[in-house]
Structure formats: structure tokens, C-alpha cells
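Here's upload-v3.pdb, which has PDB, C-alpha atoms:
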ATOM      1  CA  MET G   1     -11.865   2.290  17.662  1.00  0.00           C
ATOM      2  CA  ASN G   2     -15.055   0.277  17.556  1.00  0.00           C
ATOM      3  CA  THR G   3     -16.641  -2.099  15.061  1.00  0.00           C
ATOM      4  CA  THR G   4     -18.625   0.624  13.296  1.00  0.00           C
ATOM      5  CA  THR G   5     -15.565   2.863  12.897  1.00  0.00           C
ATOM      6  CA  PHE G   6     -13.558  -0.061  11.545  1.00  0.00           C
ATOM      7  CA  LEU G   7     -16.318  -0.931   9.084  1.00  0.00           C
ATOM      8  CA  LEU G   8     -16.566   2.641   7.813  1.00  0.00           C
ATOM      9  CA  LEU G   9     -12.788   2.893   7.319  1.00  0.00           C
ATOM     10  CA  ARG G  10     -12.671  -0.511   5.630  1.00  0.00           C
ATOM     11  CA  LEU G  11     -15.538   0.391   3.293  1.00  0.00           C
ATOM     12  CA  ALA G  12     -14.025   3.771   2.407  1.00  0.00           C
ATOM     13  CA  ILE G  13     -10.669   2.333   1.364  1.00  0.00           C
ATOM     14  CA  ALA G  14     -12.411  -0.619  -0.315  1.00  0.00           C
ATOM     15  CA  VAL G  15     -14.515   1.664  -2.515  1.00  0.00           C
ATOM     16  CA  SER G  16     -11.428   3.697  -3.414  1.00  0.00           C
ATOM     17  CA  MET G  17      -9.537   0.610  -4.552  1.00  0.00           C
ATOM     18  CA  LEU G  18     -12.569  -0.946  -6.238  1.00  0.00           C
ATOM     19  CA  GLY G  19     -13.256   2.288  -8.106  1.00  0.00           C
ATOM     20  CA  HIS G  20      -9.646   2.647  -9.244  1.00  0.00           C
ATOM     21  CA  GLY G  21      -9.695  -0.864 -10.672  1.00  0.00           C
ATOM     22  CA  LEU G  22     -13.214  -0.713 -12.033  1.00  0.00           C
ATOM     23  CA  VAL G  23     -12.674   2.344 -14.217  1.00  0.00           C
ATOM     24  CA  ARG G  24      -9.342   1.066 -15.537  1.00  0.00           C
ATOM     25  CA  LEU G  25     -10.304  -2.506 -16.421  1.00  0.00           C
ATOM     26  CA  PRO G  26     -12.541  -1.654 -19.412  1.00  0.00           C
ATOM     27  CA  LYS G  27      -9.797   0.530 -20.899  1.00  0.00           C
ATOM     28  CA  LEU G  28      -6.842  -1.614 -19.850  1.00  0.00           C
ATOM     29  CA  SER G  29      -4.833  -1.108 -23.016  1.00  0.00           C
ATOM     30  CA  ALA G  30      -5.246   2.665 -22.905  1.00  0.00           C
ATOM     31  CA  PHE G  31      -4.358   2.707 -19.207  1.00  0.00           C
ATOM     32  CA  SER G  32      -1.245   0.642 -19.904  1.00  0.00           C
ATOM     33  CA  SER G  33      -0.210   2.979 -22.728  1.00  0.00           C
ATOM     34  CA  TRP G  34      -0.698   5.991 -20.463  1.00  0.00           C
ATOM     35  CA  MET G  35       1.382   4.421 -17.697  1.00  0.00           C
ATOM     36  CA  VAL G  36       4.174   3.332 -20.052  1.00  0.00           C
ATOM     37  CA  ASN G  37       4.251   6.830 -21.538  1.00  0.00           C
ATOM     38  CA  SER G  38       4.378   8.359 -18.045  1.00  0.00           C
ATOM     39  CA  PHE G  39       7.469   6.301 -17.225  1.00  0.00           C
ATOM     40  CA  LYS G  40       9.367   6.895 -20.491  1.00  0.00           C
ATOM     41  CA  LYS G  41      11.765   9.376 -18.872  1.00  0.00           C
ATOM     42  CA  SER G  42      12.126   7.461 -15.599  1.00  0.00           C
ATOM     43  CA  MET G  43      14.878   5.009 -14.741  1.00  0.00           C
ATOM     44  CA  LEU G  44      12.360   2.150 -14.652  1.00  0.00           C
ATOM     45  CA  PRO G  45      12.604  -0.067 -17.724  1.00  0.00           C
ATOM     46  CA  GLU G  46       9.546  -0.588 -19.870  1.00  0.00           C
ATOM     47  CA  ILE G  47       9.885  -4.345 -19.350  1.00  0.00           C
ATOM     48  CA  LEU G  48       8.807  -3.759 -15.726  1.00  0.00           C
ATOM     49  CA  VAL G  49       6.250  -1.023 -16.351  1.00  0.00           C
ATOM     50  CA  VAL G  50       4.191  -2.866 -18.985  1.00  0.00           C
ATOM     51  CA  PRO G  51       3.300  -5.953 -16.921  1.00  0.00           C
ATOM     52  CA  PHE G  52       2.674  -3.844 -13.830  1.00  0.00           C
ATOM     53  CA  SER G  53       0.331  -1.587 -15.804  1.00  0.00           C
ATOM     54  CA  TYR G  54      -1.802  -4.603 -16.726  1.00  0.00           C
ATOM     55  CA  VAL G  55      -1.744  -6.205 -13.267  1.00  0.00           C
ATOM     56  CA  LEU G  56      -2.431  -3.037 -11.273  1.00  0.00           C
ATOM     57  CA  PRO G  57      -6.110  -2.497 -12.229  1.00  0.00           C
ATOM     58  CA  LEU G  58      -6.933  -6.143 -11.536  1.00  0.00           C
ATOM     59  CA  ALA G  59      -5.091  -5.988  -8.205  1.00  0.00           C
ATOM     60  CA  GLU G  60      -6.900  -2.774  -7.249  1.00  0.00           C
ATOM     61  CA  PHE G  61     -10.287  -4.199  -8.230  1.00  0.00           C
ATOM     62  CA  THR G  62      -9.695  -7.488  -6.416  1.00  0.00           C
ATOM     63  CA  ALA G  63      -8.394  -5.828  -3.255  1.00  0.00           C
ATOM     64  CA  GLY G  64     -11.342  -3.435  -3.269  1.00  0.00           C
ATOM     65  CA  LEU G  65     -13.884  -6.204  -3.736  1.00  0.00           C
ATOM     66  CA  LEU G  66     -12.370  -8.379  -1.011  1.00  0.00           C
ATOM     67  CA  LEU G  67     -12.143  -5.457   1.411  1.00  0.00           C
ATOM     68  CA  LEU G  68     -15.713  -4.473   0.609  1.00  0.00           C
ATOM     69  CA  THR G  69     -16.937  -7.922   1.605  1.00  0.00           C
ATOM     70  CA  GLY G  70     -14.454  -8.349   4.432  1.00  0.00           C
ATOM     71  CA  LEU G  71     -13.042 -11.554   2.993  1.00  0.00           C
ATOM     72  CA  PHE G  72      -9.371 -12.339   3.716  1.00  0.00           C
ATOM     73  CA  THR G  73      -9.198  -8.874   5.270  1.00  0.00           C
ATOM     74  CA  VAL G  74      -5.781  -9.014   6.935  1.00  0.00           C
ATOM     75  CA  PRO G  75      -3.872 -10.549   3.998  1.00  0.00           C
ATOM     76  CA  VAL G  76      -5.625  -8.188   1.587  1.00  0.00           C
ATOM     77  CA  LEU G  77      -4.717  -5.163   3.715  1.00  0.00           C
ATOM     78  CA  ILE G  78      -1.075  -6.259   3.610  1.00  0.00           C
ATOM     79  CA  ALA G  79      -1.196  -6.906  -0.143  1.00  0.00           C
ATOM     80  CA  ALA G  80      -2.910  -3.578  -0.806  1.00  0.00           C
ATOM     81  CA  ALA G  81      -0.297  -1.750   1.270  1.00  0.00           C
ATOM     82  CA  ILE G  82       2.456  -3.435  -0.759  1.00  0.00           C
ATOM     83  CA  ILE G  83       0.718  -2.438  -4.002  1.00  0.00           C
ATOM     84  CA  MET G  84       0.566   1.135  -2.752  1.00  0.00           C
ATOM     85  CA  ILE G  85       4.225   1.105  -1.678  1.00  0.00           C
ATOM     86  CA  VAL G  86       5.188  -0.028  -5.183  1.00  0.00           C
ATOM     87  CA  LEU G  87       3.048   2.797  -6.569  1.00  0.00           C
ATOM     88  CA  ILE G  88       4.782   5.250  -4.231  1.00  0.00           C
ATOM     89  CA  PHE G  89       8.139   4.117  -5.573  1.00  0.00           C
ATOM     90  CA  GLY G  90       6.933   4.594  -9.148  1.00  0.00           C
ATOM     91  CA  THR G  91       5.453   7.973  -8.299  1.00  0.00           C
ATOM     92  CA  THR G  92       8.790   9.165  -6.949  1.00  0.00           C
ATOM     93  CA  MET G  93      10.596   7.849 -10.043  1.00  0.00           C
ATOM     94  CA  ILE G  94       8.498  10.116 -12.268  1.00  0.00           C
ATOM     95  CA  GLU G  95       8.411  12.932  -9.717  1.00  0.00           C
ATOM     96  CA  ASN G  96       4.619  13.025  -9.635  1.00  0.00           C
ATOM     97  CA  TRP G  97       4.498  14.674  -6.221  1.00  0.00           C
ATOM     98  CA  ASP G  98       0.781  15.495  -6.572  1.00  0.00           C
ATOM     99  CA  ALA G  99      -0.153  11.787  -6.453  1.00  0.00           C
ATOM    100  CA  LEU G 100       2.008  11.005  -3.431  1.00  0.00           C
ATOM    101  CA  PRO G 101      -0.309  12.282  -0.644  1.00  0.00           C
ATOM    102  CA  SER G 102      -3.199  10.117  -1.844  1.00  0.00           C
ATOM    103  CA  GLN G 103      -0.990   7.043  -1.942  1.00  0.00           C
ATOM    104  CA  LEU G 104       0.409   7.760   1.516  1.00  0.00           C
ATOM    105  CA  ILE G 105      -3.128   8.180   2.869  1.00  0.00           C
ATOM    106  CA  HIS G 106      -4.048   4.777   1.451  1.00  0.00           C
ATOM    107  CA  VAL G 107      -1.072   3.193   3.240  1.00  0.00           C
ATOM    108  CA  ALA G 108      -2.097   4.952   6.466  1.00  0.00           C
ATOM    109  CA  PHE G 109      -5.613   3.506   6.131  1.00  0.00           C
ATOM    110  CA  TYR G 110      -4.179   0.020   5.658  1.00  0.00           C
ATOM    111  CA  ALA G 111      -1.858   0.401   8.651  1.00  0.00           C
ATOM    112  CA  VAL G 112      -4.666   1.606  10.931  1.00  0.00           C
ATOM    113  CA  LEU G 113      -6.972  -1.172   9.777  1.00  0.00           C
ATOM    114  CA  LEU G 114      -4.249  -3.755  10.349  1.00  0.00           C
ATOM    115  CA  GLN G 115      -3.571  -2.380  13.820  1.00  0.00           C
ATOM    116  CA  TYR G 116      -7.248  -2.649  14.752  1.00  0.00           C
ATOM    117  CA  SER G 117      -8.235  -5.736  12.753  1.00  0.00           C
ATOM    118  CA  GLN G 118      -9.791  -7.280  15.877  1.00  0.00           C
ATOM    119  CA  TYR G 119     -12.712  -4.883  15.249  1.00  0.00           C
ATOM    120  CA  ASN G 120     -13.452  -6.436  11.859  1.00  0.00           C
ATOM    121  CA  THR G 121     -16.680  -8.021  13.047  1.00  0.00           C
ATOM    122  CA  TRP G 122     -18.909  -7.116  10.092  1.00  0.00           C
ATOM    123  CA  ALA G 123     -17.080  -9.211   7.524  1.00  0.00           C
ATOM    124  CA  LEU G 124     -17.303 -12.470   5.636  1.00  0.00           C
ATOM    125  CA  ASP G 125     -14.117 -13.496   7.434  1.00  0.00           C
ATOM    126  CA  ASN G 126     -16.242 -14.207  10.486  1.00  0.00           C
ATOM    127  CA  LEU G 127     -18.366 -16.775   8.654  1.00  0.00           C
ATOM    128  CA  PHE G 128     -15.278 -18.924   8.124  1.00  0.00           C
ATOM    129  CA  LYS G 129     -13.821 -18.726  11.626  1.00  0.00           C
ATOM    130  CA  LYS G 130     -13.785 -21.984  13.491  1.00  0.00           C
TER
END
Exercise: express the given structure as C-alpha cells:
Amino acid sequence: MNTTTFLLLRLAIAVSMLGHGLVRLPKLSAFSSWMVNSFKKSMLPEILVVPFSYVLPLAEFTAGLLLLTGLFTVPVLIAAAIIMIVLIFGTTMIENWDALPSQLIHVAFYAVLLQYSQYNTWALDNLFKK
């Protein structure tokens, strides 16, 4: 791994997360309705699904934006991995096996980036190091 490879991986996963959030934010209510409807037959109660459906697009957008700029990279990678793990749990609850590989790939990206975070040289994080 080198700094360029790290940057390319960080930017790729950042754009994925940013894009997921960006397209959902303008239609937040419709996205929430879709998600709630998707979980109707699952064992997850609506009281958990509704708030998550409103928080998820904002979390995706924020994680994507921060990763894009390289600000708070390590904590954001951890938070994004946790978001994805929660999504994986939800995906298994509704047996949406087609979505699972994408979510697992996201977690793999986060894990690799965390493992090699010392190569995060092209990032705003470095402006704030003392």
C-alpha cells in the first residue's frame, strides 16, 4: 500500500457513501416509507426502523463527505463500518441477499483503510496534526 493507493480507495468508498446519502436526502420521506415497508414482515419493530430510515441518509452523506476530504478519517471509517454492520443485520432480517455483497465490500474497504491509515497523507487530517 502507498499513499496514492490509499487515496484512491478512500475516495472510492467516500463517493459511494456520499452518493447513497445525496440521492436519498431530497426524498427522505419516500425513502423512509420504502424502508419501513421493506421491513414490515421482518422481526424488527417499526419503532426502530423509522428513526433509522431518517438517520441513515444523513449518516451516509456525512461519512462520505468527511472521507472525501480526509477529515476525522479513522473515526469516520469506524463509524461507517458500524453503519454498514447495522445495515447487514437489517439486510439479513429481510433476507435481501442481493444487497449483502455490496455491504460486505464496504466493510472490507473500511477494514483495509483502517489497517493502512498511516498512508492517509492526502487528507485534511494532516492540517490539524500537531
Counting only C-alpha atoms, what is within 9 Å of range 42-51 of chain G, bar same-chain residues fewer than 2 positions away, as a PyMOL selection string? chain G and resi 32-33+35-36+38-40+53-56+90+93-95
Expected file: the selected residues, C-alpha atoms, as a PDB file, in the coordinates of the input:
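See again-v3.pdb below for the written result:
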ATOM      1  CA  SER G  32      -1.245   0.642 -19.904  1.00  0.00           C
ATOM      2  CA  SER G  33      -0.210   2.979 -22.728  1.00  0.00           C
ATOM      3  CA  MET G  35       1.382   4.421 -17.697  1.00  0.00           C
ATOM      4  CA  VAL G  36       4.174   3.332 -20.052  1.00  0.00           C
ATOM      5  CA  SER G  38       4.378   8.359 -18.045  1.00  0.00           C
ATOM      6  CA  PHE G  39       7.469   6.301 -17.225  1.00  0.00           C
ATOM      7  CA  LYS G  40       9.367   6.895 -20.491  1.00  0.00           C
ATOM      8  CA  SER G  53       0.331  -1.587 -15.804  1.00  0.00           C
ATOM      9  CA  TYR G  54      -1.802  -4.603 -16.726  1.00  0.00           C
ATOM     10  CA  VAL G  55      -1.744  -6.205 -13.267  1.00  0.00           C
ATOM     11  CA  LEU G  56      -2.431  -3.037 -11.273  1.00  0.00           C
ATOM     12  CA  GLY G  90       6.933   4.594  -9.148  1.00  0.00           C
ATOM     13  CA  MET G  93      10.596   7.849 -10.043  1.00  0.00           C
ATOM     14  CA  ILE G  94       8.498  10.116 -12.268  1.00  0.00           C
ATOM     15  CA  GLU G  95       8.411  12.932  -9.717  1.00  0.00           C
TER      16      GLU G  95
END
Applying 10 Å and all atoms listed in the file, which residues near range 75-81 of chain G remain after dropping the ones on its own chain fewer than 4 positions away? List them as an NGL selection string. :G and (10 or 13-14 or 17 or 59-60 or 62-64 or 66-67 or 70-71 or 85-87 or 103-104 or 106-114 or 117)
What lies within 12 Å of Thr121 in chain G using all atoms listed in the file, ignoring chain neighbours under 5 positions off, as a PDB file with C-alpha atoms, in the frame of the given file?
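Final file, out-v8.pdb:
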ATOM      1  CA  ASN G   2     -15.055   0.277  17.556  1.00  0.00           C
ATOM      2  CA  THR G   3     -16.641  -2.099  15.061  1.00  0.00           C
ATOM      3  CA  THR G   4     -18.625   0.624  13.296  1.00  0.00           C
ATOM      4  CA  THR G   5     -15.565   2.863  12.897  1.00  0.00           C
ATOM      5  CA  PHE G   6     -13.558  -0.061  11.545  1.00  0.00           C
ATOM      6  CA  LEU G   7     -16.318  -0.931   9.084  1.00  0.00           C
ATOM      7  CA  LEU G   8     -16.566   2.641   7.813  1.00  0.00           C
ATOM      8  CA  ARG G  10     -12.671  -0.511   5.630  1.00  0.00           C
ATOM      9  CA  THR G  69     -16.937  -7.922   1.605  1.00  0.00           C
ATOM     10  CA  GLY G  70     -14.454  -8.349   4.432  1.00  0.00           C
ATOM     11  CA  LEU G  71     -13.042 -11.554   2.993  1.00  0.00           C
ATOM     12  CA  THR G  73      -9.198  -8.874   5.270  1.00  0.00           C
ATOM     13  CA  TYR G 116      -7.248  -2.649  14.752  1.00  0.00           C
ATOM     14  CA  ASN G 126     -16.242 -14.207  10.486  1.00  0.00           C
ATOM     15  CA  LEU G 127     -18.366 -16.775   8.654  1.00  0.00           C
ATOM     16  CA  LYS G 129     -13.821 -18.726  11.626  1.00  0.00           C
TER      17      LYS G 129
END
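Considering only C-alpha atoms, the residue among G:Phe72, G:Leu124, G:Gly19, G:Phe52 positioned nearest to Phe31 in chain G is G:Phe52.
Applied to the shown file, the PyMOL selection byres ((chain G and resi 22) around 10) selects the residues Val15, Ser16, Met17, Leu18, Gly19, His20, Gly21, Val23, Arg24, Leu25, Pro26, Lys27, Pro57, Leu58, Glu60, Phe61, Thr62, Gly64 and Leu65 of chain G.
Here CA of Leu100 in chain G stands at a distance of 6.4 Å from CA of Ile88 in chain G.
Separating CA of Ala99 in chain G from CA of Leu9 in chain G is a distance of 20.7 Å.
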Using only the atoms of range 85-88 of chain G listed in the file, plus 8 Å on each side, state the axis-aligned box centre and edge lengths in Å rounded to one decimal, as lines of an AutoDock Vina configuration file.
center_x = 4.1
center_y = 2.6
center_z = -4.1
size_x = 18.1
size_y = 21.3
size_z = 20.9
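Across the model, the gap from CA of Ile83 in chain G to CA of Asn96 in chain G is 16.9 Å.
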N, CA and C atoms are needed for range 25-54 of chain G; please write them out as a short mmCIF file (atom, residue, chain, number, x, y, z; two decimals), in the frame of the given file.
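Dumped everything to part_16.cif:
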data_model
loop_
_atom_site.label_atom_id
_atom_site.label_comp_id
_atom_site.auth_asym_id
_atom_site.auth_seq_id
_atom_site.Cartn_x
_atom_site.Cartn_y
_atom_site.Cartn_z
N LEU G 25 -10.20 -1.20 -15.77
CA LEU G 25 -10.30 -2.51 -16.42
C LEU G 25 -10.90 -2.44 -17.82
N PRO G 26 -11.98 -1.69 -18.06
CA PRO G 26 -12.54 -1.65 -19.41
C PRO G 26 -11.63 -0.98 -20.44
N LYS G 27 -10.70 -0.16 -19.98
CA LYS G 27 -9.80 0.53 -20.90
C LYS G 27 -8.35 0.17 -20.56
N LEU G 28 -8.13 -1.11 -20.32
CA LEU G 28 -6.84 -1.61 -19.85
C LEU G 28 -5.69 -1.26 -20.78
N SER G 29 -5.89 -1.41 -22.05
CA SER G 29 -4.83 -1.11 -23.02
C SER G 29 -4.47 0.38 -23.00
N ALA G 30 -5.49 1.22 -22.96
CA ALA G 30 -5.25 2.66 -22.90
C ALA G 30 -4.57 3.06 -21.60
N PHE G 31 -4.99 2.43 -20.49
CA PHE G 31 -4.36 2.71 -19.21
C PHE G 31 -2.89 2.29 -19.24
N SER G 32 -2.62 1.13 -19.80
CA SER G 32 -1.25 0.64 -19.90
C SER G 32 -0.41 1.60 -20.75
N SER G 33 -0.94 2.03 -21.87
CA SER G 33 -0.21 2.98 -22.73
C SER G 33 0.09 4.28 -21.99
N TRP G 34 -0.90 4.77 -21.25
CA TRP G 34 -0.70 5.99 -20.46
C TRP G 34 0.41 5.80 -19.44
N MET G 35 0.38 4.66 -18.73
CA MET G 35 1.38 4.42 -17.70
C MET G 35 2.78 4.27 -18.31
N VAL G 36 2.88 3.52 -19.38
CA VAL G 36 4.17 3.33 -20.05
C VAL G 36 4.71 4.68 -20.52
N ASN G 37 3.84 5.50 -21.09
CA ASN G 37 4.25 6.83 -21.54
C ASN G 37 4.71 7.71 -20.36
N SER G 38 4.02 7.58 -19.23
CA SER G 38 4.38 8.36 -18.05
C SER G 38 5.77 8.01 -17.53
N PHE G 39 6.19 6.77 -17.76
CA PHE G 39 7.47 6.30 -17.23
C PHE G 39 8.60 6.33 -18.25
N LYS G 40 8.34 6.87 -19.43
CA LYS G 40 9.37 6.90 -20.49
C LYS G 40 10.66 7.56 -20.04
N LYS G 41 10.57 8.63 -19.28
CA LYS G 41 11.76 9.38 -18.87
C LYS G 41 12.28 8.95 -17.50
N SER G 42 11.68 7.93 -16.91
CA SER G 42 12.13 7.46 -15.60
C SER G 42 13.23 6.42 -15.78
N MET G 43 13.83 6.03 -14.68
CA MET G 43 14.88 5.01 -14.74
C MET G 43 14.31 3.59 -14.74
N LEU G 44 12.98 3.47 -14.63
CA LEU G 44 12.36 2.15 -14.65
C LEU G 44 12.23 1.66 -16.09
N PRO G 45 12.69 0.45 -16.35
CA PRO G 45 12.60 -0.07 -17.72
C PRO G 45 11.17 -0.46 -18.10
N GLU G 46 10.88 -0.28 -19.35
CA GLU G 46 9.55 -0.59 -19.87
C GLU G 46 9.17 -2.04 -19.61
N ILE G 47 10.15 -2.92 -19.57
CA ILE G 47 9.88 -4.34 -19.35
C ILE G 47 9.27 -4.60 -17.96
N LEU G 48 9.45 -3.67 -17.05
CA LEU G 48 8.81 -3.76 -15.73
C LEU G 48 7.48 -3.00 -15.70
N VAL G 49 7.43 -1.89 -16.39
CA VAL G 49 6.25 -1.02 -16.35
C VAL G 49 5.06 -1.67 -17.06
N VAL G 50 5.30 -2.29 -18.20
CA VAL G 50 4.19 -2.87 -18.98
C VAL G 50 3.43 -3.92 -18.19
N PRO G 51 4.09 -4.96 -17.65
CA PRO G 51 3.30 -5.95 -16.92
C PRO G 51 2.60 -5.37 -15.69
N PHE G 52 3.28 -4.46 -15.00
CA PHE G 52 2.67 -3.84 -13.83
C PHE G 52 1.42 -3.07 -14.22
N SER G 53 1.47 -2.39 -15.36
CA SER G 53 0.33 -1.59 -15.80
C SER G 53 -0.89 -2.44 -16.11
N TYR G 54 -0.68 -3.70 -16.46
CA TYR G 54 -1.80 -4.60 -16.73
C TYR G 54 -2.29 -5.30 -15.45
#
